[in-house]
Amino acid sequence: MSASLDPYSVLEVGRSAPRDEIRKSYKKLARKHHPDANMDDPSALERFKQVQVAWDILGDEEKRKNFDQYGSPDGPQFSGGPTAAGPRQSRTWSSADGSDVPFDIEELFGGRSPFGGFGAGGQGTHGGGRADWPMRGHDVRAEIEVPFAVAAEGDTYDLHLHRNTSDKPETLSVKVPAGIDTGSVIRLAGQGELGLNGGTAGDLLVSVRVAKHPYFRREKTNLLLDVPIGIVEATLGAKVEIPTLSEGTIVMSIPPGSSSGTKLRLKGKGIVDRRTGQRGDQFAVLKIVAPQELNDRARELLNEFNSEAPQNVRDGLW
């Protein structure tokens with residue numbers, strides 16, 4: 001940036017503007033002057049770079065303080081604005097979710113800065129770089145919430161997003177691998193911001209959040225399902241229908257004398273392990289449900305049963 005250019009003027013904010021206001025203006029102007037949105041305007045790249053350098057100054061608390069006090073982001077020992085003699089810079093970009101992502105800009109370009117033409121007076125290079133050095137597009141972050149079954153079995157999911165260079169919404173089909181869990185990140189190569197000067201596009205990093213299921217629970221690669229059963233079914237045993245996530249409804253045998261909390265294992269009907277490709281298991285957790293209403297005959301039969309087969313389930317427990 002030329003020494004005559006004021007970063008506050010470039011970003012169209014007042015000198016007392018808070019950082020959030022400056023960042024908002026920076027993002028708006030970066031979209032406005034992005035070369036990919038101004039194919040017919042050769043001067044757009046120059047304005048875009050000025051916006052980036054202005055944000056480099058005002059987005060950094062120490063640089064902004066130095067500029068306000070000394071007219072230079074490097075402090076009193078330098079003059080004429082940021083120059084090639086300065087130390088390696090760490091630049092912060094705003095991602096799609098509004099957070100700041102720091103990185104060393106020189107490391108991205110093999111030790112050379114793409115802003116080399118913006119030294120004092122707009123002359124010279126930075127570390128041997130050129131103003132038209134290819135610039136890789138920034139990575140963009142997004143978040144999706146996928147249904148439980150999609151995360152477990154895998155499927156495609158439509159992601160709706162706005163590109164930084166366009167106000168038009170786009171729809172991308174995201175391939176969700178089987179077995180993915182909350183906190184996982186899906187990388188879509190080349191779907192981030194477009195590069196400059198022939199540079200490659202950045203990536204789209206999609207964070208996954210898995211929605212809750214109405215009756216299944218997940219423990220790593222295993223599935224848990226609460227299965228209510230009646231007193232007679234628990235005592236005498238029974239065959240009941242239960243759902244699975246991968247095979248629909250199946251018939252499961254309940255052994256006679258089952259208690260609440262008993263876990264019956266259904267091998268290989270859990271969630272796919274992303275590393276091994278093997279499925280975990282499904283466990284049916286039995287929950288005995290006592291009848292809420294009994295007529296006189298039912299009470300008589302239960303009392304008769306208790307007389308014929310008395311039991312103290314707490315005997316010796318404490």
# chains A, B, ... in the order shown; residues from 1 in each chain; ligands from 1
$ residues_around --residues "region 215-227 of chain A" --least-positions-apart "6" --cutoff "10 Å" --atoms "only C-alpha atoms" --output "ChimeraX atom specification"
/A:148-149,152,179-181,240-245,260-261,263-274,278-289
$ write_last_selection --atoms "C-alpha atoms" --output "mmCIF file, in the first residue's frame"
data_model
loop_
_atom_site.group_PDB
_atom_site.id
_atom_site.type_symbol
_atom_site.label_atom_id
_atom_site.label_comp_id
_atom_site.auth_asym_id
_atom_site.auth_seq_id
_atom_site.Cartn_x
_atom_site.Cartn_y
_atom_site.Cartn_z
ATOM 1 C CA PHE A 148 -28.798 -40.049 12.286
ATOM 2 C CA ALA A 149 -29.437 -42.696 9.627
ATOM 3 C CA ALA A 152 -24.660 -44.226 10.164
ATOM 4 C CA GLY A 179 -20.043 -44.248 10.184
ATOM 5 C CA ILE A 180 -19.272 -40.532 10.415
ATOM 6 C CA ASP A 181 -19.878 -38.911 13.801
ATOM 7 C CA VAL A 240 -40.994 -59.672 19.508
ATOM 8 C CA GLU A 241 -40.440 -57.468 16.470
ATOM 9 C CA ILE A 242 -37.828 -54.727 16.807
ATOM 10 C CA PRO A 243 -36.367 -52.224 14.314
ATOM 11 C CA THR A 244 -32.792 -52.196 13.049
ATOM 12 C CA LEU A 245 -31.072 -49.334 11.279
ATOM 13 C CA SER A 260 -35.067 -55.109 33.027
ATOM 14 C CA GLY A 261 -31.664 -53.876 31.843
ATOM 15 C CA LYS A 263 -28.908 -56.476 26.866
ATOM 16 C CA LEU A 264 -29.553 -58.827 23.977
ATOM 17 C CA ARG A 265 -26.901 -58.643 21.278
ATOM 18 C CA LEU A 266 -27.657 -58.555 17.567
ATOM 19 C CA LYS A 267 -24.268 -59.122 15.971
ATOM 20 C CA GLY A 268 -23.245 -57.033 12.995
ATOM 21 C CA LYS A 269 -26.277 -54.741 13.026
ATOM 22 C CA GLY A 270 -24.531 -51.658 14.373
ATOM 23 C CA ILE A 271 -22.619 -48.844 12.660
ATOM 24 C CA VAL A 272 -19.775 -49.230 10.171
ATOM 25 C CA ASP A 273 -16.274 -48.632 11.562
ATOM 26 C CA ARG A 274 -14.707 -46.118 9.134
ATOM 27 C CA GLN A 278 -16.686 -53.747 9.892
ATOM 28 C CA ARG A 279 -20.047 -53.192 11.538
ATOM 29 C CA GLY A 280 -20.536 -52.957 15.262
ATOM 30 C CA ASP A 281 -23.430 -54.616 17.075
ATOM 31 C CA GLN A 282 -26.940 -53.606 18.073
ATOM 32 C CA PHE A 283 -28.022 -54.175 21.667
ATOM 33 C CA ALA A 284 -31.668 -54.443 22.675
ATOM 34 C CA VAL A 285 -31.979 -53.152 26.239
ATOM 35 C CA LEU A 286 -35.037 -54.769 27.852
ATOM 36 C CA LYS A 287 -37.382 -52.574 29.889
ATOM 37 C CA ILE A 288 -40.143 -54.440 31.761
ATOM 38 C CA VAL A 289 -43.373 -52.468 31.835
#
$ atom_distance --atom1 "CA of Ala290 (chain A)" --atom2 "CA of Ser253 (chain A)"
19.8 Å
$ residues_around --residues "Leu159 (chain A)" --least-positions-apart "3" --cutoff "8 Å" --atoms "only C-alpha atoms" --output "ChimeraX atom specification"
/A:144,171-174
$ select_by_dssp --residues "region 135-261 of chain A" --states "strand (DSSP E or B)" --output "VMD selection string"
chain A and resid 135 140 to 146 155 to 162 169 to 176 185 to 188 196 204 to 210 216 to 219 222 to 230 238 to 244 248 to 254
$ closest_residue --among "A:Gly75, A:Asp296, A:Met135, A:Trp55" --to "Lys28 (chain A)" --atoms "only C-alpha atoms"
A:Trp55
$ atom_distance --atom1 "CA of Thr200 (chain A)" --atom2 "CA of Leu188 (chain A)"
13.4 Å
$ residues_around --residues "region 12-21 of chain A" --least-positions-apart "4" --cutoff "10 Å" --atoms "only C-alpha atoms" --output "number ranges by chain"
A: 6-8, 25-26, 29, 51, 58-61, 64, 68
$ select_by_dssp --residues "region 156-301 of chain A" --states "alpha helix (DSSP H)" --output "list in words"
Ile231, Val232, Glu233, Ala234, Thr235, Leu236, Asp296, Arg297, Ala298, Arg299, Glu300 and Leu301 of chain A
$ write_last_selection --atoms "N, CA and C atoms" --output "PDB file, in the first residue's frame"
ATOM      1  N   ILE A 231     -44.696 -58.170  31.608  1.00  0.00           N
ATOM      2  CA  ILE A 231     -44.276 -59.098  32.662  1.00  0.00           C
ATOM      3  C   ILE A 231     -44.325 -60.540  32.181  1.00  0.00           C
ATOM      4  N   VAL A 232     -45.368 -60.903  31.465  1.00  0.00           N
ATOM      5  CA  VAL A 232     -45.499 -62.280  30.979  1.00  0.00           C
ATOM      6  C   VAL A 232     -44.406 -62.596  29.967  1.00  0.00           C
ATOM      7  N   GLU A 233     -44.127 -61.644  29.052  1.00  0.00           N
ATOM      8  CA  GLU A 233     -43.062 -61.854  28.067  1.00  0.00           C
ATOM      9  C   GLU A 233     -41.719 -62.043  28.747  1.00  0.00           C
ATOM     10  N   ALA A 234     -41.463 -61.245  29.802  1.00  0.00           N
ATOM     11  CA  ALA A 234     -40.204 -61.359  30.516  1.00  0.00           C
ATOM     12  C   ALA A 234     -40.107 -62.684  31.262  1.00  0.00           C
ATOM     13  N   THR A 235     -41.241 -63.160  31.812  1.00  0.00           N
ATOM     14  CA  THR A 235     -41.234 -64.372  32.630  1.00  0.00           C
ATOM     15  C   THR A 235     -41.194 -65.638  31.786  1.00  0.00           C
ATOM     16  N   LEU A 236     -42.031 -65.689  30.775  1.00  0.00           N
ATOM     17  CA  LEU A 236     -42.148 -66.913  29.993  1.00  0.00           C
ATOM     18  C   LEU A 236     -41.301 -66.899  28.723  1.00  0.00           C
ATOM     19  N   ASP A 296     -60.277 -57.431  38.832  1.00  0.00           N
ATOM     20  CA  ASP A 296     -60.224 -58.323  40.000  1.00  0.00           C
ATOM     21  C   ASP A 296     -59.670 -59.683  39.643  1.00  0.00           C
ATOM     22  N   ARG A 297     -60.052 -60.213  38.487  1.00  0.00           N
ATOM     23  CA  ARG A 297     -59.583 -61.544  38.086  1.00  0.00           C
ATOM     24  C   ARG A 297     -58.070 -61.543  37.862  1.00  0.00           C
ATOM     25  N   ALA A 298     -57.553 -60.481  37.249  1.00  0.00           N
ATOM     26  CA  ALA A 298     -56.107 -60.394  37.005  1.00  0.00           C
ATOM     27  C   ALA A 298     -55.349 -60.325  38.325  1.00  0.00           C
ATOM     28  N   ARG A 299     -55.870 -59.577  39.276  1.00  0.00           N
ATOM     29  CA  ARG A 299     -55.213 -59.493  40.590  1.00  0.00           C
ATOM     30  C   ARG A 299     -55.202 -60.857  41.267  1.00  0.00           C
ATOM     31  N   GLU A 300     -56.331 -61.564  41.145  1.00  0.00           N
ATOM     32  CA  GLU A 300     -56.435 -62.891  41.754  1.00  0.00           C
ATOM     33  C   GLU A 300     -55.400 -63.838  41.165  1.00  0.00           C
ATOM     34  N   LEU A 301     -55.245 -63.776  39.852  1.00  0.00           N
ATOM     35  CA  LEU A 301     -54.270 -64.650  39.184  1.00  0.00           C
ATOM     36  C   LEU A 301     -52.831 -64.299  39.583  1.00  0.00           C
TER      37      LEU A 301
END
$ closest_residue --among "A:Ile57, A:Ile254, A:Val185, A:Val210" --to "Arg141 (chain A)" --atoms "only C-alpha atoms"
A:Val185
$ atom_distance --atom1 "CA of Ser207 (chain A)" --atom2 "CA of Ala142 (chain A)"
6.2 Å
$ residues_around --residues "Gly192 (chain A)" --least-positions-apart "5" --cutoff "9 Å" --atoms "only C-alpha atoms" --output "MDAnalysis selection string"
chainID A and resid 137:141 163 201:205
$ write_last_selection --atoms "C-alpha atoms" --output "compact mmCIF listing (two decimals), in the first residue's frame"
# COMPACT_ATOMS: atom_id res chain seq x y z
CA GLY A 137 -7.89 -19.38 -2.66
CA HIS A 138 -8.82 -19.41 1.01
CA ASP A 139 -10.39 -22.44 2.64
CA VAL A 140 -14.00 -21.93 3.63
CA ARG A 141 -15.74 -23.55 6.59
CA ARG A 163 -19.79 -17.92 -2.08
CA ALA A 201 -8.96 -22.78 -5.39
CA GLY A 202 -9.15 -23.38 -1.67
CA ASP A 203 -11.09 -26.21 -0.05
CA LEU A 204 -14.48 -26.32 1.61
CA LEU A 205 -14.23 -27.82 5.11
